[in-house]
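One structure below.
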Amino acid sequence: MIDLKALMLRLLETEKGYVAEDLDEYGCAMVVTVTPNDTFLQFPKVENDDEKDAAYAEIVSKARSDGATVIVTVNSAFTQAVDNPDELDGYWPGKLNASNARRCLLLTASGPGMKSFGVEAEYEIVGDDVLFEPLEDFHEMEVEMLPNWPGGDLPVLHQ
């Protein structure tokens, strides 16, 4: 059995190095598909949301046909804390970038018979340096970019 968290931490360390090399030009989308017999690494190249949806749908289709047990995603993203679901009203694609939100590397793992989980590695670029925040623990999360792929339910928010 593969140690998913260890795999994800190795991927994270590699991506941190790329962030330091590319600074503002950095962007990544990587998918690791684990099957009973092999591990596949894919780099979906997309220009817009339609291409992104098609690329990830194709990845899920191949994962299903190969009998994959897990899909790990690694993406560069923007992040913002949300204290209340009502704060999501008025969100539009690109809003976080336009509002100069914090950057992060987002790693997720999902698959049949497991709850989706992941971790965000937040960072900022100051001059020629990349400053990463201390890594928080892995936690449950929803993985919306993998259509028709089992990912578990979001935890119930208690108010």
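Chains: A, B, ... in order of the structure tokens. Residues: from 1 per chain. Ligands: from 1, in order shown.
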
Do you know which residues are at most 12 Å from Val34 in chain A counting only C-alpha atoms, after dropping those on the same chain fewer than 5 positions away, and could you put them as a ChimeraX atom specification?
-> /A:1-4,7,39-42,59-60,62-64,66-73,109-112

Keeping C-alpha atoms for every residue in the selection just given, could you write it to a file as a compact mmCIF listing (two decimals), in the first residue's frame?
# COMPACT_ATOMS: atom_id res chain seq x y z
CA MET A 1 0.00 0.00 0.00
CA ILE A 2 1.32 3.42 -0.94
CA ASP A 3 1.79 6.04 1.79
CA LEU A 4 -0.26 8.86 0.25
CA LEU A 7 3.98 10.81 -1.62
CA THR A 39 1.61 4.95 -10.90
CA PHE A 40 0.98 7.42 -13.74
CA LEU A 41 2.07 11.05 -13.79
CA GLN A 42 0.16 13.47 -16.02
CA ILE A 59 -7.97 11.72 -16.54
CA VAL A 60 -10.90 10.35 -14.52
CA LYS A 62 -8.55 6.65 -17.77
CA ALA A 63 -8.28 6.22 -14.00
CA ARG A 64 -11.57 4.33 -13.95
CA ASP A 66 -7.22 1.35 -15.25
CA GLY A 67 -8.85 0.46 -11.91
CA ALA A 68 -7.19 3.37 -10.09
CA THR A 69 -7.36 3.40 -6.31
CA VAL A 70 -6.49 7.09 -5.87
CA ILE A 71 -5.91 10.30 -7.77
CA VAL A 72 -3.53 12.88 -6.30
CA THR A 73 -3.71 16.41 -7.72
CA ALA A 109 -6.05 12.85 -2.71
CA SER A 110 -9.34 11.16 -3.51
CA GLY A 111 -10.64 7.79 -4.56
CA PRO A 112 -13.07 4.94 -3.99

Distance in Å - CA of Asp49 in chain A versus CA of Thr35 in chain A =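 Straight-line distance from CA of Asp49 in chain A to CA of Thr35 in chain A works out to 27.2 Å.
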
Members of range 6-79 of chain A assigned strand (DSSP E) by DSSP, as number ranges by chain = A: 29-34, 39-42, 70-79

Using the selection just defined, write its residues with N, CA and C atoms as a compact mmCIF listing (two decimals), in the first residue's frame.
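As written to disk, result_14.txt reads:
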# COMPACT_ATOMS: atom_id res chain seq x y z
N ALA A 29 -0.15 22.16 -12.82
CA ALA A 29 -1.28 21.25 -12.72
C ALA A 29 -0.67 19.88 -12.97
N MET A 30 -0.71 19.03 -11.97
CA MET A 30 -0.14 17.71 -12.08
C MET A 30 -1.09 16.72 -11.43
N VAL A 31 -1.20 15.55 -12.04
CA VAL A 31 -2.07 14.51 -11.51
C VAL A 31 -1.27 13.22 -11.43
N VAL A 32 -1.33 12.57 -10.28
CA VAL A 32 -0.71 11.26 -10.09
C VAL A 32 -1.85 10.27 -9.88
N THR A 33 -1.94 9.29 -10.76
CA THR A 33 -2.97 8.26 -10.67
C THR A 33 -2.32 6.97 -10.22
N VAL A 34 -2.83 6.40 -9.15
CA VAL A 34 -2.27 5.17 -8.58
C VAL A 34 -3.23 4.02 -8.88
N THR A 39 1.89 3.56 -11.24
CA THR A 39 1.61 4.95 -10.90
C THR A 39 1.86 5.78 -12.15
N PHE A 40 0.88 6.61 -12.53
CA PHE A 40 0.98 7.42 -13.74
C PHE A 40 1.04 8.89 -13.36
N LEU A 41 1.92 9.62 -14.00
CA LEU A 41 2.07 11.05 -13.79
C LEU A 41 1.60 11.76 -15.06
N GLN A 42 0.71 12.74 -14.88
CA GLN A 42 0.16 13.47 -16.02
C GLN A 42 0.20 14.97 -15.73
N VAL A 70 -6.58 5.71 -6.36
CA VAL A 70 -6.49 7.09 -5.87
C VAL A 70 -6.00 8.00 -6.98
N ILE A 71 -6.45 9.24 -6.92
CA ILE A 71 -5.91 10.30 -7.77
C ILE A 71 -5.40 11.39 -6.84
N VAL A 72 -4.13 11.78 -7.05
CA VAL A 72 -3.53 12.88 -6.30
C VAL A 72 -3.40 14.04 -7.28
N THR A 73 -3.86 15.22 -6.88
CA THR A 73 -3.71 16.41 -7.72
C THR A 73 -2.78 17.40 -7.03
N VAL A 74 -2.02 18.11 -7.83
CA VAL A 74 -1.14 19.18 -7.35
C VAL A 74 -1.41 20.38 -8.25
N ASN A 75 -1.85 21.48 -7.67
CA ASN A 75 -2.18 22.67 -8.45
C ASN A 75 -1.70 23.91 -7.75
N SER A 76 -1.26 24.90 -8.55
CA SER A 76 -1.03 26.22 -7.99
C SER A 76 -2.38 26.91 -7.95
N ALA A 77 -2.61 27.67 -6.90
CA ALA A 77 -3.93 28.28 -6.71
C ALA A 77 -3.81 29.55 -5.88
N PHE A 78 -4.91 30.22 -5.75
CA PHE A 78 -5.04 31.34 -4.82
C PHE A 78 -5.95 30.88 -3.71
N THR A 79 -5.77 31.42 -2.52
CA THR A 79 -6.54 30.96 -1.38
C THR A 79 -6.98 32.14 -0.52

Shortest interatomic distance to Gly27 in chain A - which of A:Leu106, A:Pro134, A:Asp53, A:Met8, counting only C-alpha atoms |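 Ranking A:Leu106, A:Pro134, A:Asp53, A:Met8 by distance to Gly27 in chain A, first place goes to A:Leu106.
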
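By chain and then residue number, the residues within 6 Å of range 138-145 of chain A are Ser116, Phe117, Gly118, Val119 and Leu154 of chain A, counting only C-alpha atoms and disregarding those fewer than 2 positions away in sequence.
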
Work out how far apart CA of Thr108 in chain A and CA of Glu120 in chain A are and give it in Å to one decimal.
-> 8.8 Å

Selection near Lys45 in chain A, 9 Å with only C-alpha atoms, sequence-local residues under 6 positions removed, as a list in words =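 With the cut-off at 9 Å, the set is Ala29, Glu51, Lys52 and Ala55 of chain A.
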
One decimal, Å: what's the distance from CA of Cys104 in chain A over to CA of Val19 in chain A, could you say?
-> 10.1 Å

Top pick for closest residue to Glu122 in chain A, considering A:Lys5, A:Pro150, A:Leu12, A:Val46 and counting only C-alpha atoms |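 Selected residue with least distance to Glu122 in chain A: A:Leu12.
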
Looking only at alpha helix (DSSP H) from DSSP on the backbone, list the matching residues of range 95-137 of chain A as a VMD selection string.
-> chain A and resid 95 to 98

Using only C-alpha atoms, which residues of range 17-86 of chain A come within 10 Å of range 124-130 of chain A, and what is the closest atom pair for each, with the distance in Å to one decimal? Give it as CSV, sorted by chain and residue number.
residue,atom,partner,partner_atom,distance
A:Gly17,CA,A:Val130,CA,9.6
A:Val19,CA,A:Val130,CA,7.4
A:Ala20,CA,A:Val130,CA,5.9
A:Glu21,CA,A:Asp128,CA,9.3
A:Asp22,CA,A:Asp128,CA,9.8
A:Leu23,CA,A:Ile125,CA,6.9
A:Asp24,CA,A:Ile125,CA,7.6

Dump as a PDB file, in the first residue's frame, selection limited to C-alpha atoms:
ATOM      1  CA  GLY A  17      11.637  24.210  -5.760  1.00  0.00           C
ATOM      2  CA  VAL A  19       8.120  28.053  -7.289  1.00  0.00           C
ATOM      3  CA  ALA A  20      11.518  29.353  -6.151  1.00  0.00           C
ATOM      4  CA  GLU A  21      12.880  29.046  -9.717  1.00  0.00           C
ATOM      5  CA  ASP A  22       9.939  30.579 -11.578  1.00  0.00           C
ATOM      6  CA  LEU A  23       8.567  33.041  -9.007  1.00  0.00           C
ATOM      7  CA  ASP A  24       5.634  34.976 -10.541  1.00  0.00           C
TER       8      ASP A  24
END

With only C-alpha atoms as the atoms that count, which of A:Cys28, A:Ala54, A:Arg10, A:Pro147 lies nearest to Leu105 in chain A?
->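 Of the candidates, the smallest distance to Leu105 in chain A is held by A:Cys28.
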